[in-house]
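*Asks:* Before I ask anything, here is the structure I am working with.
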Amino acid sequence: MIRFDLVTALPDLVRSPLDHSILRRAQDKGLVEVEVHDLRDWAPGRHRQIDDVPYGGMGGMVLKPEPLFACVEALSERHGPYDEVIFLTPDGETLDQPMANALSLAGQLLLIAGHYKNVDQRVRDALVTREVSVGDYVLSGGELPALVLIDAVARLVPGVLGDAGSALSDSFQDGLLDAPSYTRPATFRGHEVPAVLRSGDHGAILAWREAQRLERTRARRPDLLAGPDPLADDPHAPSPGEPAAPGAAASPARPASGAGEESP
């Protein structure tokens, strides 16, 4: 079982995604526990102020240290030490599959979703053990990145997915993108499912999938291929730009990380 404590100035923003699909079922099974905390509950004063203007005159507002220190200290006393206190920020290390794999082995994670311009640096220096980004772009706050991290990590906890092997075949688990997927009907608007997938020859199917994974990775994410290109000297490998498989429908130029890989 893994526990997430998510601290945010906008608790209502994150509750709905946690209440559906895989994350809801994982919580119902007792495999994942997620508790959302309103940062204003630890803000002093009648107005429960959690932000203030920055020193130095730059634009925007900065989350104050007092509520965050009080919150993290109270949660640590209540639940015991956390494996990581993670601050979601554009200048953190990029979340990837190996990081998600490692975090899935933790028992307790505390996530701080920043908002406004930034958070007081003293919070990052004294409380945060890891800073994580979901990509080289800026969002309005850390709430959506926190949900991305929770989903990426929780689905790896044993028992969360209906098919235990599903997560192992996801894109990025071994450094490659996933192969194309097909379902019934075998023919749709003139596009056919590749014959090999209907052949019943499991060895041929595995070989086809591996070749497609390599080709898709080479064409879309060559940065993921360490060392020599495994298809560079294969005379039977399709060239970049060729369709991934006969009858396959056109696919997006870049896959969304983790998107569309939910188990029923």
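If you're wondering about the labels, chains in the structure tokens are A, B, ... by order shown, residues count from 1 in each chain, ligands from 1 in order shown.
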Fewer than 6 positions away in the same chain doesn't count, so skip those; otherwise give me all residues within 10 Å of segment 2-8 of chain A, counting only C-alpha atoms, as a VMD selection string.

*Replies:* chain A and resid 14 27 30 to 40 68 71 to 72 75 79 82 85 to 87 103 to 115 141 to 143 146 to 147 150 153 to 154 157

*Asks:* Out of segment 24-262 of chain A, which residues get alpha helix (DSSP H) from DSSP, as a PyMOL selection string?

*Replies:* chain A and resi 24-28+65-79+97-103+121-126+143-154+202-220

*Asks:* Considering only C-alpha atoms, state which residue in the set A:Val62, A:Pro158, A:Asp120, A:Ser140 is at the smallest distance from Asn101 of chain A.

*Replies:*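 That would be A:Pro158, the residue with the smallest distance to Asn101 of chain A.
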
*Asks:* If you run DSSP over the backbone, which residues in segment 21-53 of chain A end up strand (DSSP E)? Put them as a PyMOL selection string.

*Replies:* chain A and resi 32-38+51-52

*Asks:* Would you write out those residues with all heavy atoms, as a compact mmCIF listing (two decimals), in the first residue's frame?

*Replies:*
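Okay, out14.txt is ready:
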# COMPACT_ATOMS: atom_id res chain seq x y z
N VAL A 32 -4.12 1.99 -2.39
CA VAL A 32 -3.63 3.36 -2.49
C VAL A 32 -4.49 4.23 -1.58
O VAL A 32 -5.72 4.08 -1.54
CB VAL A 32 -3.72 3.89 -3.95
CG1 VAL A 32 -3.35 5.37 -4.01
CG2 VAL A 32 -2.81 3.08 -4.85
N GLU A 33 -3.85 5.12 -0.87
CA GLU A 33 -4.57 6.08 -0.03
C GLU A 33 -4.13 7.48 -0.45
O GLU A 33 -2.92 7.76 -0.53
CB GLU A 33 -4.26 5.84 1.45
CG GLU A 33 -5.09 6.70 2.39
CD GLU A 33 -4.88 6.34 3.85
OE1 GLU A 33 -4.12 5.38 4.12
OE2 GLU A 33 -5.47 7.03 4.71
N VAL A 34 -5.08 8.34 -0.74
CA VAL A 34 -4.79 9.72 -1.14
C VAL A 34 -5.61 10.66 -0.26
O VAL A 34 -6.83 10.54 -0.19
CB VAL A 34 -5.12 9.98 -2.62
CG1 VAL A 34 -4.68 11.40 -3.00
CG2 VAL A 34 -4.47 8.96 -3.53
N GLU A 35 -4.93 11.57 0.40
CA GLU A 35 -5.62 12.57 1.21
C GLU A 35 -5.20 13.95 0.73
O GLU A 35 -4.00 14.24 0.60
CB GLU A 35 -5.29 12.40 2.70
CG GLU A 35 -6.14 13.30 3.59
CD GLU A 35 -5.99 12.98 5.07
OE1 GLU A 35 -5.29 12.00 5.41
OE2 GLU A 35 -6.57 13.73 5.89
N VAL A 36 -6.18 14.79 0.46
CA VAL A 36 -5.95 16.14 -0.02
C VAL A 36 -6.08 17.11 1.15
O VAL A 36 -7.04 17.04 1.93
CB VAL A 36 -6.94 16.51 -1.13
CG1 VAL A 36 -6.71 17.95 -1.61
CG2 VAL A 36 -6.83 15.53 -2.30
N HIS A 37 -5.11 18.02 1.26
CA HIS A 37 -5.08 18.95 2.38
C HIS A 37 -5.13 20.39 1.86
O HIS A 37 -4.36 20.75 0.96
CB HIS A 37 -3.81 18.76 3.21
CG HIS A 37 -3.61 17.35 3.69
ND1 HIS A 37 -4.17 16.86 4.85
CD2 HIS A 37 -2.91 16.31 3.14
CE1 HIS A 37 -3.82 15.59 5.00
NE2 HIS A 37 -3.07 15.23 3.98
N ASP A 38 -6.01 21.18 2.44
CA ASP A 38 -6.13 22.59 2.10
C ASP A 38 -5.06 23.37 2.86
O ASP A 38 -5.08 23.41 4.10
CB ASP A 38 -7.52 23.09 2.47
CG ASP A 38 -7.78 24.51 1.98
OD1 ASP A 38 -6.83 25.23 1.63
OD2 ASP A 38 -8.96 24.91 1.95
N ASP A 51 -0.18 33.62 0.82
CA ASP A 51 0.79 34.16 -0.14
C ASP A 51 1.05 35.62 0.17
O ASP A 51 0.33 36.27 0.91
CB ASP A 51 0.28 34.00 -1.57
CG ASP A 51 -0.99 34.80 -1.82
OD1 ASP A 51 -1.81 34.92 -0.88
OD2 ASP A 51 -1.18 35.30 -2.94
N ASP A 52 2.15 36.14 -0.41
CA ASP A 52 2.50 37.54 -0.20
C ASP A 52 3.38 38.00 -1.36
O ASP A 52 3.85 37.16 -2.16
CB ASP A 52 3.24 37.71 1.14
CG ASP A 52 3.00 39.09 1.75
OD1 ASP A 52 2.73 40.04 0.98
OD2 ASP A 52 3.11 39.22 2.98

*Asks:* One number please: atom CA of Leu23 of chain A to atom CA of Gln97 of chain A, in Å, one decimal.

*Replies:* 18.0 Å

*Asks:* Can you work out which one of A:Asp96, A:Ala152, A:Glu84, A:Val160 has the shortest atom-to-atom distance to Leu127 of chain A, counting only C-alpha atoms?

*Replies:*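 Using only C-alpha atoms, Leu127 of chain A sits closest to A:Glu84.
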
*Asks:* Could you please determine the separation between atom CA of Ala211 of chain A and atom CA of Asp151 of chain A in Å, to one decimal place?

*Replies:*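 The value is 28.9 Å.
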
*Asks:* Neighbouring residues of Arg209 of chain A were defined as those with any atom within 12 Å, considering only C-alpha atoms; residues of the same chain fewer than 2 positions away were excluded. Please report them as number ranges by chain.

*Replies:* A: 169, 176-182, 194, 196-197, 202-207, 211-216, 244-245

*Asks:* What is the distance between atom CA of Arg130 of chain A and atom CA of His20 of chain A, in Å to one decimal?

*Replies:*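 Atom-to-atom, atom CA of Arg130 of chain A and atom CA of His20 of chain A are spaced 27.6 Å apart.
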
*Asks:* Give me the residues within 12 Å of Pro54 of chain A as a list in words, counting only C-alpha atoms and dropping any in the same chain fewer than 5 places off.

*Replies:* Gly59, Gly60, Met61, Val62, Leu63, Lys64, Tyr116, Lys117, Asn118, Val119, Asp120 and Gln121 of chain A

*Asks:* Could you please take those selected residues and save N, CA and C atoms as an mmCIF file, in the first residue's frame?

*Replies:*
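Now in result-v5.cif:
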data_model
loop_
_atom_site.group_PDB
_atom_site.id
_atom_site.type_symbol
_atom_site.label_atom_id
_atom_site.label_comp_id
_atom_site.auth_asym_id
_atom_site.auth_seq_id
_atom_site.Cartn_x
_atom_site.Cartn_y
_atom_site.Cartn_z
ATOM 1 N N GLY A 59 7.264 40.326 -10.389
ATOM 2 C CA GLY A 59 5.824 40.174 -10.423
ATOM 3 C C GLY A 59 5.365 38.886 -9.795
ATOM 4 N N GLY A 60 4.055 38.795 -9.567
ATOM 5 C CA GLY A 60 3.479 37.571 -9.031
ATOM 6 C C GLY A 60 3.486 37.535 -7.517
ATOM 7 N N MET A 61 2.914 36.449 -6.970
ATOM 8 C CA MET A 61 2.836 36.239 -5.529
ATOM 9 C C MET A 61 3.593 34.966 -5.171
ATOM 10 N N VAL A 62 4.040 34.890 -3.926
ATOM 11 C CA VAL A 62 4.850 33.758 -3.457
ATOM 12 C C VAL A 62 4.161 33.121 -2.249
ATOM 13 N N LEU A 63 4.086 31.803 -2.240
ATOM 14 C CA LEU A 63 3.519 31.106 -1.085
ATOM 15 C C LEU A 63 4.398 31.317 0.139
ATOM 16 N N LYS A 64 3.777 31.675 1.243
ATOM 17 C CA LYS A 64 4.491 32.000 2.472
ATOM 18 C C LYS A 64 5.038 30.738 3.158
ATOM 19 N N TYR A 116 0.573 30.271 -7.779
ATOM 20 C CA TYR A 116 1.034 31.635 -7.923
ATOM 21 C C TYR A 116 2.428 31.616 -8.568
ATOM 22 N N LYS A 117 3.296 32.560 -8.218
ATOM 23 C CA LYS A 117 4.590 32.663 -8.894
ATOM 24 C C LYS A 117 5.568 31.580 -8.442
ATOM 25 N N ASN A 118 5.608 31.329 -7.141
ATOM 26 C CA ASN A 118 6.598 30.387 -6.618
ATOM 27 C C ASN A 118 6.272 30.115 -5.159
ATOM 28 N N VAL A 119 7.160 29.378 -4.512
ATOM 29 C CA VAL A 119 7.051 29.138 -3.082
ATOM 30 C C VAL A 119 8.321 29.685 -2.438
ATOM 31 N N ASP A 120 8.212 30.172 -1.225
ATOM 32 C CA ASP A 120 9.381 30.719 -0.525
ATOM 33 C C ASP A 120 10.516 29.702 -0.534
ATOM 34 N N GLN A 121 11.704 30.142 -0.927
ATOM 35 C CA GLN A 121 12.845 29.244 -1.094
ATOM 36 C C GLN A 121 13.180 28.495 0.191
#

*Asks:* Would you list the contacts of Arg198 of chain A as a PyMOL selection string, taking every protein, DNA or RNA residue within 12 Å and counting only C-alpha atoms, but skipping same-chain residues closer than 5 positions in sequence?

*Replies:* chain A and resi 182-187+192-193+204-205+208
